[in-house]
Structure formats: C-alpha cells, structure tokens
Amino acid sequence: MRATNLYAPTLREVPAEAEIESHKLMLRAGMIRKVASGMYTYLPMSWRTMRKIMNIIREEMDAAGGQELLMPIVQPAEWWQASGRWDVYGAELWRVKDRHDRDFCLGPTHEEAITMTFKQDVRSYKQLPLSLYQIQTKFRDERRPRFGLMRGREFMMKDMYSFDRDEAGLDKTYQRMHEAYTNVFKRCGLKFRPVEADSGAIGGSGSHEFMAIADTGESAIVYCDTCDYAASVEIASVPAGACEKEAFGETQKVATPNCASVEDVANFLGLPTSTVVKTMYYQADDKTVLVLLRGDRHVSEVKLQNLLGCLELSMASDETVEKFGGKAGYLGPVGIKGIEIIADCEVPLMYNYVTGANEEGYHLLNVNYQRGDFVIDKVADIREVTAGEKCPHCGGVLQGARGIEIGQIFKLHDKYSRLLEANYTDEEGVERPAVMGCYGIGVGRTMAAVIEQSNDEYGIIWPMAVAPYQVVVIPVNDKDEALTAAAKKIYDELLRAKVEVVIDDRKERPGVKFNDADLIGYPLRIVVGSKSLAKGVVEVKIRATGETMEIPVEEITEWTKKRIGEELTK
RNA sequence: CGGGACGUAGCGCAGCUUGGUAGCGCACUUGAUUUGGGAUCAAGGGGUCGCAGGUUCGAAUCCUGUCGUCCCGACCA
C-alpha cells in the first residue's frame with residue numbers, strides 16, 4: 001500500500017473527547033472516528049487489526065470444535081418474552097418496532113436466538129455435543145458509553161454457544177474454551193488473567209472473565225501471588241477471621257455532631273474504622289433490607305443481589321430509611337424492627353463496636369450482637385475483598401489489580417434450553433434439555449486493550465500478529481531519484497514476498513514520516529537514506545525495542561520475512 | 001439515572017464578565033526554497049458561533065427551552 005493512497009488520517013492534536021491512551025491513539029492514528037456516543041466507524045487501519053483478531057479467534061474456535069454461523073442482529077420480542085428477559089434486561093435492550101408496530105430488539109447477545117436455532121433441528125443425543133459461534137455487531141444501549149471502543153453501544157463480539165447432553169459434557173467444553181481463550185489472548189500479545197466472576201444477567205453459574213491487566217481497566221480484581229487464584233473483587237470470597245475475644249463493655253450513647261460518615265465518626269472518636277459497624281438500607285425490588293458491614297469494608301452489590309435474588313438493587317431513599325426508624329447518617333441496628341436484617345459474616349464475630357443511634361448527632365459505643373443488643377436475620381458473605389487479605393485457596397497474600405474485561409465464559413446449564421424447550425432425546429428415549437454454555441470475546445475491546453498495554457509517548461506499539469501492516473518503508477528524500485527507486489524496489493520485493501507493507505511515498509519531510517510511523521505503530525520500519533544507500537545498506541528500526549540495525553539492500557527482503565516469522569511464532 | 005462541565009472552521013482553542021456583525025495555532029490549496037525526527041516565506045479557501053424562542057436599534061456574548069458530547073458516581077457480558 002502506498003501512503004499516498006492509504007486512508008489513515010493522522011491527527012497532531014488529540015480530540016478533546018478522548019480520555020484514555022487507547023482512545024486517544026486510535027483517534028490520532030486515524031483508526032476510528034465517532035459517529036454518535038458509543039458508536040464508531042472503523043477506518044481501514046483499525047479494521048485490518050480487527051480482522052486479524054477475528055481470524056485468530058476463528059482459528060482457535062474452530063480448533064476447539066466450534067462452527068461459525070451468522071444470526072440476525074434484529075430479534076423478535078417473542079423470543080425475549082419467552083426467556084423472560086424482555087422485562088429483565090431493562091433499558092439496555094435496544095428495542096425497535098417495524099412498520100406494523102411489532103416489537104423487536106437489536107441483539108445484545110444471542111442465547112435466545114441460538115437456542116431457537118438449535119431446537120429447530122437437533123433431536124437426538126447423537127447430534128451432541130455442538131458448539132456454534134458467530135462474530136457480529138452487538139447493541140447495548142449503555143447508560144454511559146465511554147473510553148472509545150472500550151464501552152460502546154455498538155460493538156463487535158464473538159459469541160459461542162455450546163450444547164452438551166449433561167453437566168460432565170459441559171465441564172469438558174467449558175475447559176476446552178478456557179484453553180482456547182488463553183490461546184487467543186496470548187496470540188494477541190496481551191498480558192491477561194482469567195478470574196472467577198459473577199454470571200450476571202445472563203444467568204447460570206460458573207463463570208470466568210478474562211482480564212487484560214491495565215490501570216485504566218474498569219474492573220477491580222484480586223489475585224494470589226503464590227497460587228493461581230484470581231477473582232473479581234465483587235465475587236472473591238475470603239472466610240471471616242475470628243476476632244480476639246473481649247469482655248462486653250457497657251453500651252453508651254455519645255454525641256457525635258456532624259459525623260455522618262464512618263470515617264467522620266472514627267476520626268471523631270479516635271478509633272479505627274474497623275471498629276465501626278455501618279448500617280445501610282437497600283431497596284431490593286419492592287422490599288427494603290437492612291445491611292450491616294464492618295466499617296472499613298465495601299458492600300459487594302453483586303453478592304447482595306445474588307443473595308436476595310432481586311432484579312433491581314439500590315440504596316434506599318432517606319424517607320424509606322426513616323419509615324423503619326433510621327436516621328440517615330446515624331443509622332444503627334439497635335431497636336430496629338419490621339425489616340430483614342442481613343449482616344456480613346464478620347459482624348457477628350466482632351466485639352464492642354460503634355453503630356449509629358438512629359438519632360441525629362448520636363452514636364452508640366460498645367454494641368454487641370453476641371450479647372443480644374440487636375437481631376440479625378441472616379448472616380452471609382456480602383462484602384468486597386481487598387488487596388492484602390489472605391488467599392482463600394493457599395493462604396498467600398492477595399494482590400490488587402485493575403483489568404479490562406476482554407472475554408467471559410459462562411456455564412448456562414439448562415436455563416435457556418428449559419425455558420425455550422430445546423430438548424434432545426437420549427438413548428433411553430427420554431427428552432432432556434440440552435446443557436448449555438456461552439463464551440464471549442469483545443473484539444474491539446481486545447484491540448483497545450492491546451493498545452492500552454502497548455504504547456509509548458510516540459504512539460502505538462503493535463505486536464506483529466495484530467499490526468494493521470507489518471512494515472513501513474520510508475524513502476527519506478522524495479527528490480533523490482536513485483533513493484526513491486531503491487525504496488520502491490524494496491517495497492515491490494516485500495509485496496512479492498507477501499509482506500504486509502506500506503511505502504511512505506508522500507511528499508513530506510522525513511520527520512513527519514517518522515512521527516506517523518511511530519504513531520501508527522508499524523512493528524518494523526525500513527529507512528532508505530542516501531548515506532546508507534551509498535554503503536549498500538538500509539536502516540531497520542524495531543518499533544517495540546527501538547533498536548536499529550543496518551541490513552544490506554540485497555538481503556532486506558529475506559531478513560524481513562525471517563524477522564516477521566520469528567515475531568509471529570513468539 | 002444523580003453530580004459536574006462543555007458545544008465558536010477538519011482538530012486544538014481565544015472572544016462571552018462589560019452586546020456593535022468572528023479570531024489564533026495546526027491542518028487544507030497554490031508557488032518558491034527546503035529534505036534523517038512534526039521546515040520557511042508569500043498568496044489563498046473555509047465558520048447560519050449546536051438548535052429554537054425571547055430581550056434589544058443590534059446577540060457568539062444576556063434570558064428561557066431544547067438537543068448533543070465528555071467526565072465522576074451508580075449500573076453493566
């Protein structure tokens with residue numbers, strides 16, 4: 001490709017809308033342009049990379065027994081009503097009507113669609129197991145699209161669905177997909193970790209998220225430094241440690257003016273926040289519950305929602321709180337009746353702690369559940385784990401990190417096959433629902449994650465396997481005919497050798513070409529200059545390491561092919 | 001959905017407080033010189049100031065509404 005024809009409109013200045021490095025670089029390198037919030041046009045450079053990532057995914061999915069198909073983006077409302085998700089999915093489901101006023105949605109995922117496909121044609125255990133996948137545009141009307149391709153409303157996703165006869169079969173398929181995902185992300189050059197995760201609105205249990213490690217990641221994870229345990233903080237579970245036994249102190253009401261937060265109270269009383277028990281009212285669908293937690297802990301709303309089995313969970317309003325006898329900012333469990341009280345596992349083990357007095361400006365000291373100061377209806381693990389705690393598997397120390405969720409695998413079991421009646425007949429002639437799994441990869445997000453992990457002050461540093469082009473050839477002076485002819489010859493030879501190469505034949509000064517080459521991130525740069533040419537060599541620069549070397553002109557094609565081969569098998 | 005901010009040329013911004021008919025840098029076009037890390041000079045082109053009302057002799061500027069965009073939070077495969 002000649003740079004004079006290449007549609008890669010680079011920018012010197014960063015558009016004001018971009019916040020994180022991958023978004024800025026994709027805009028600056030002329031890879032994407034925004035159409036509306038959360039919707040982008042993929043210009044040729046990003047689409048080449050997207051296609052490479054999709055092909056890596058295809059190869060690994062096919063190797064793991066998958067077969068590619070393509071379902072419609074638009075799906076009838078009836079399918080979603082049948083699975084119950086027409087109501088459950090909420091405002092994120094992008095609903096549309098046709099001219100007859102019939103309801104449809106733009107597919108955010110395809111469990112219903114694939115299950116309906118399956119049930120049309122699969123009858124017998126002899127047809128199982130079966131794994132089907134597609135790579136397709138998905139729509140989710142996100143509340144807050146952000147960070148460019150990281151969280152779009154329209155995005156590219158690979159989604160695979162597996163059908164097995166039983167749980168044992170699903171376990172095998174799931175494991176195989178776990179390995180396939182590991183291969184995909186390795187080949188993309190990512191630093192990543194599979195973590196135990198919540199299965200969310202999709203339903204089912206048993207799930208791993210594949211997290212690309214990056215400080216700008218939206219998800220917090222913990223991982224063990226001595227074993228392979230890793231989990232999202234929302235779901236990570238560490239057993240509550242017993243507290244040192246203390247004698248019950250006498251409960252006292254103390255004035256704590258203007259101390260409406262745990263931190264204020266602890267500072268005011270000169271105590272650590274871990275000696276406070278905080279009280280929160282949550283609205284779970286139509287029901288209000290009271291939640292108790294050690295003062296320095298955070299509620300995992302995921303765990304709480306799973307415990308309560310509710311669709312919507314949010315903090316209750318001040319009016320609701322007061323209806324139950326609470327006083328916002330000074331909440332406590334003592335004397336509260338008529339509401340379910342849920343305590344995190346740590347709370348019943350604590351002694352002599354501080355709670356609100358349900359009276360503005362007052363707290364209680366030396367409160368003890370074990371003495372019967374208040375009641376608890378349910379004890380459960382409802383808190384987020386923090387870095388520094390003990391690994392639940394091996395006792396090592398948990399480390400904290402942030403990650404970009406680039407893939408997730410779920411065990412769906414028979415949730416959809418039962419609801420949509422996707423059954424097969426076994427050897428005994430008994431009809432059984434197929435046991436399903438689903439496996440997603442965000443293609444654009446994977447591309448963004450690669451950039452997020454691999455860039456410097458000059459631009460993108462593409463791993464060879466996903467670079468839009470592998471090599472750029474830069475003639476350094478467009479007036480020197482011998483030089484441009486030599487560059488053209490090298491370019492033609494590389495093309496013949498099936499190298500993905502761009503020649504920067506623009507009438508620009510060398511500095512402009514070098515800067516664009518760094519910004520776009522070609523893994524290899526071949527510079528043809530008059531001084532080196534006089535010596536019969538060209539200069540090669542490796543983008544990733546910055547190292548430069550001189551290669552004789554007649555060897556450059558072979559050298560380049562060899563180098564690309566090495567990079568691709570690394 | 002709650003909180004905050006911003007919409008002026010393709011991009012980055014100034015002008016708005018104190019109303020007088022729009023400006024800077026980059027990019028773009030033409031010519032000349034220049035050619036190993038974002039050149040120089042000269043001459044050009046490009047904007048219903050997001051949109052709609054209102055106030056005023058006069059609105060980018062003041063008022064009201066509306067749409068869009070971004071950030072933080074909540075939420076989310």
# chains A, B, ... in the order shown; residues from 1 in each chain; ligands from 1
$ interface_residues --of "chain A" --to "chain B" --cutoff "7 Å" --atoms "only C-alpha atoms (C1' of nucleotides)" --output "PyMOL selection string"
chain A and resi 13+15+17+408+476-477+509-512+514-515
$ select_by_dssp --residues "range 104-271 of chain A" --states "alpha helix (DSSP H)" --output "MDAnalysis selection string"
chainID A and resid 111:121 167:187 262:269
$ select_by_dssp --residues "range 177-313 of chain A" --states "strand (DSSP E)" --output "NGL selection string"
:A and (192-196 or 207-213 or 219-224 or 230-232 or 252-255 or 277-284 or 287-294 or 313)
$ residues_around --residues "range 460-467 of chain A" --least-positions-apart "5" --cutoff "6 Å" --atoms "only C-alpha atoms (C1' of nucleotides)" --output "list in words"
Thr49, Lys52, Ser454, Asn455, Leu519, Ile520, Gly521, Pro523, Ala544 and Leu568 of chain A
$ residues_around --residues "Ile409 in chain A" --least-positions-apart "6" --cutoff "10 Å" --atoms "only C-alpha atoms (C1' of nucleotides)" --output "number ranges by chain"
A: 159-161, 174-175, 177-178, 181, 194, 196-197, 199, 206-210, 437-441; B: 77
$ residues_around --residues "range 14-18 of chain B" --least-positions-apart "3" --cutoff "8 Å" --atoms "only C-alpha atoms (C1' of nucleotides)" --output "list in words"
G23, C24, A60 and U61 of chain B
$ residues_around --residues "Asp198 in chain A" --least-positions-apart "4" --cutoff "12 Å" --atoms "only C-alpha atoms (C1' of nucleotides)" --output "ChimeraX atom specification"
/A:202-209,231-237,300-306,408-411 /B:76-77
$ write_last_selection --atoms "N, CA and C atoms (P, O5', C5', C4', C3', O3' and C1' of nucleotides)" --output "PDB file, in the first residue's frame"
ATOM      1  N   ILE A 202     -27.003 -12.782  32.456  1.00  0.00           N
ATOM      2  CA  ILE A 202     -27.124 -13.873  31.504  1.00  0.00           C
ATOM      3  C   ILE A 202     -27.647 -15.127  32.181  1.00  0.00           C
ATOM      4  N   GLY A 203     -27.387 -15.237  33.447  1.00  0.00           N
ATOM      5  CA  GLY A 203     -27.926 -16.358  34.196  1.00  0.00           C
ATOM      6  C   GLY A 203     -26.979 -17.526  34.233  1.00  0.00           C
ATOM      7  N   GLY A 204     -27.302 -18.494  35.054  1.00  0.00           N
ATOM      8  CA  GLY A 204     -26.437 -19.652  35.157  1.00  0.00           C
ATOM      9  C   GLY A 204     -25.389 -19.436  36.217  1.00  0.00           C
ATOM     10  N   SER A 205     -24.530 -20.419  36.417  1.00  0.00           N
ATOM     11  CA  SER A 205     -23.476 -20.269  37.408  1.00  0.00           C
ATOM     12  C   SER A 205     -22.206 -20.885  36.870  1.00  0.00           C
ATOM     13  N   GLY A 206     -21.082 -20.437  37.385  1.00  0.00           N
ATOM     14  CA  GLY A 206     -19.797 -20.907  36.892  1.00  0.00           C
ATOM     15  C   GLY A 206     -19.366 -20.000  35.775  1.00  0.00           C
ATOM     16  N   SER A 207     -18.400 -19.151  36.050  1.00  0.00           N
ATOM     17  CA  SER A 207     -18.016 -18.170  35.049  1.00  0.00           C
ATOM     18  C   SER A 207     -16.601 -17.685  35.292  1.00  0.00           C
ATOM     19  N   HIS A 208     -15.890 -17.458  34.219  1.00  0.00           N
ATOM     20  CA  HIS A 208     -14.592 -16.799  34.298  1.00  0.00           C
ATOM     21  C   HIS A 208     -14.589 -15.592  33.379  1.00  0.00           C
ATOM     22  N   GLU A 209     -13.977 -14.522  33.849  1.00  0.00           N
ATOM     23  CA  GLU A 209     -13.716 -13.374  32.994  1.00  0.00           C
ATOM     24  C   GLU A 209     -12.242 -13.393  32.641  1.00  0.00           C
ATOM     25  N   ALA A 231      -9.826 -13.523  41.151  1.00  0.00           N
ATOM     26  CA  ALA A 231     -11.268 -13.305  41.096  1.00  0.00           C
ATOM     27  C   ALA A 231     -11.557 -11.820  41.052  1.00  0.00           C
ATOM     28  N   SER A 232     -12.730 -11.484  40.529  1.00  0.00           N
ATOM     29  CA  SER A 232     -13.147 -10.089  40.588  1.00  0.00           C
ATOM     30  C   SER A 232     -13.475  -9.785  42.049  1.00  0.00           C
ATOM     31  N   VAL A 233     -13.233  -8.549  42.475  1.00  0.00           N
ATOM     32  CA  VAL A 233     -13.457  -8.240  43.901  1.00  0.00           C
ATOM     33  C   VAL A 233     -14.924  -8.405  44.276  1.00  0.00           C
ATOM     34  N   GLU A 234     -15.789  -8.321  43.288  1.00  0.00           N
ATOM     35  CA  GLU A 234     -17.216  -8.441  43.580  1.00  0.00           C
ATOM     36  C   GLU A 234     -17.580  -9.843  44.026  1.00  0.00           C
ATOM     37  N   ILE A 235     -16.804 -10.813  43.592  1.00  0.00           N
ATOM     38  CA  ILE A 235     -17.195 -12.184  43.863  1.00  0.00           C
ATOM     39  C   ILE A 235     -16.168 -12.926  44.712  1.00  0.00           C
ATOM     40  N   ALA A 236     -14.958 -12.390  44.797  1.00  0.00           N
ATOM     41  CA  ALA A 236     -13.915 -13.027  45.587  1.00  0.00           C
ATOM     42  C   ALA A 236     -14.418 -13.223  47.005  1.00  0.00           C
ATOM     43  N   SER A 237     -14.062 -14.355  47.582  1.00  0.00           N
ATOM     44  CA  SER A 237     -14.602 -14.677  48.891  1.00  0.00           C
ATOM     45  C   SER A 237     -13.482 -15.113  49.818  1.00  0.00           C
ATOM     46  N   SER A 300     -20.463  -5.746  48.396  1.00  0.00           N
ATOM     47  CA  SER A 300     -20.478  -6.236  47.020  1.00  0.00           C
ATOM     48  C   SER A 300     -21.939  -6.312  46.619  1.00  0.00           C
ATOM     49  N   GLU A 301     -22.365  -5.358  45.810  1.00  0.00           N
ATOM     50  CA  GLU A 301     -23.785  -5.363  45.428  1.00  0.00           C
ATOM     51  C   GLU A 301     -24.111  -6.595  44.592  1.00  0.00           C
ATOM     52  N   VAL A 302     -23.095  -7.131  43.932  1.00  0.00           N
ATOM     53  CA  VAL A 302     -23.305  -8.368  43.172  1.00  0.00           C
ATOM     54  C   VAL A 302     -23.676  -9.504  44.114  1.00  0.00           C
ATOM     55  N   LYS A 303     -22.895  -9.641  45.198  1.00  0.00           N
ATOM     56  CA  LYS A 303     -23.194 -10.715  46.157  1.00  0.00           C
ATOM     57  C   LYS A 303     -24.554 -10.488  46.812  1.00  0.00           C
ATOM     58  N   LEU A 304     -24.819  -9.235  47.160  1.00  0.00           N
ATOM     59  CA  LEU A 304     -26.072  -8.936  47.834  1.00  0.00           C
ATOM     60  C   LEU A 304     -27.258  -9.225  46.920  1.00  0.00           C
ATOM     61  N   GLN A 305     -27.109  -8.829  45.661  1.00  0.00           N
ATOM     62  CA  GLN A 305     -28.189  -9.061  44.707  1.00  0.00           C
ATOM     63  C   GLN A 305     -28.412 -10.556  44.493  1.00  0.00           C
ATOM     64  N   ASN A 306     -27.329 -11.305  44.408  1.00  0.00           N
ATOM     65  CA  ASN A 306     -27.460 -12.755  44.245  1.00  0.00           C
ATOM     66  C   ASN A 306     -28.132 -13.376  45.462  1.00  0.00           C
ATOM     67  N   GLN A 408     -15.487 -13.437  28.429  1.00  0.00           N
ATOM     68  CA  GLN A 408     -16.103 -14.103  29.581  1.00  0.00           C
ATOM     69  C   GLN A 408     -16.698 -15.409  29.122  1.00  0.00           C
ATOM     70  N   ILE A 409     -16.557 -16.412  29.959  1.00  0.00           N
ATOM     71  CA  ILE A 409     -17.162 -17.708  29.649  1.00  0.00           C
ATOM     72  C   ILE A 409     -18.105 -18.091  30.793  1.00  0.00           C
ATOM     73  N   PHE A 410     -19.270 -18.622  30.412  1.00  0.00           N
ATOM     74  CA  PHE A 410     -20.325 -18.949  31.379  1.00  0.00           C
ATOM     75  C   PHE A 410     -20.768 -20.389  31.223  1.00  0.00           C
ATOM     76  N   LYS A 411     -21.172 -20.962  32.323  1.00  0.00           N
ATOM     77  CA  LYS A 411     -21.985 -22.178  32.238  1.00  0.00           C
ATOM     78  C   LYS A 411     -23.438 -21.747  32.392  1.00  0.00           C
TER      79      LYS A 411
ATOM     80  P     C B  76     -25.450  -4.417  38.088  1.00  0.00           P
ATOM     81  O5'   C B  76     -24.976  -4.503  36.566  1.00  0.00           O
ATOM     82  C5'   C B  76     -25.932  -4.637  35.519  1.00  0.00           C
ATOM     83  C4'   C B  76     -25.231  -4.530  34.192  1.00  0.00           C
ATOM     84  C3'   C B  76     -24.185  -5.601  33.921  1.00  0.00           C
ATOM     85  O3'   C B  76     -24.787  -6.770  33.399  1.00  0.00           O
ATOM     86  C1'   C B  76     -23.287  -3.475  33.417  1.00  0.00           C
ATOM     87  P     A B  77     -24.281  -8.226  33.861  1.00  0.00           P
ATOM     88  O5'   A B  77     -23.168  -8.595  32.792  1.00  0.00           O
ATOM     89  C5'   A B  77     -23.556  -8.824  31.495  1.00  0.00           C
ATOM     90  C4'   A B  77     -22.777  -9.988  30.962  1.00  0.00           C
ATOM     91  C3'   A B  77     -21.373 -10.131  31.562  1.00  0.00           C
ATOM     92  O3'   A B  77     -21.085 -11.484  31.838  1.00  0.00           O
ATOM     93  C1'   A B  77     -21.268  -9.840  29.206  1.00  0.00           C
TER      94        A B  77
END
$ residues_around --residues "Leu349 in chain A" --least-positions-apart "3" --cutoff "7 Å" --atoms "only C-alpha atoms (C1' of nucleotides)" --output "mmCIF file with N, CA and C atoms, in the first residue's frame"
data_model
loop_
_atom_site.group_PDB
_atom_site.id
_atom_site.type_symbol
_atom_site.label_atom_id
_atom_site.label_comp_id
_atom_site.auth_asym_id
_atom_site.auth_seq_id
_atom_site.Cartn_x
_atom_site.Cartn_y
_atom_site.Cartn_z
ATOM 1 N N ALA A 242 -11.756 -14.980 62.899
ATOM 2 C CA ALA A 242 -12.308 -14.762 64.240
ATOM 3 C C ALA A 242 -11.638 -13.546 64.879
ATOM 4 N N CYS A 243 -12.420 -12.807 65.671
ATOM 5 C CA CYS A 243 -11.865 -11.651 66.369
ATOM 6 C C CYS A 243 -11.363 -12.090 67.742
ATOM 7 N N GLU A 346 -18.536 -11.126 59.002
ATOM 8 C CA GLU A 346 -17.614 -10.615 60.021
ATOM 9 C C GLU A 346 -18.343 -10.036 61.222
#
$ closest_residue --among "A:Asp456, A:Asp318, A:Asp101, A:Glu179" --to "Met61 in chain A" --atoms "only C-alpha atoms"
A:Glu179
$ atom_distance --atom1 "CA of Asp504 in chain A" --atom2 "CA of Ile474 in chain A"
5.2 Å
$ atom_distance --atom1 "CA of Gln67 in chain A" --atom2 "CA of Pro129 in chain A"
11.8 Å
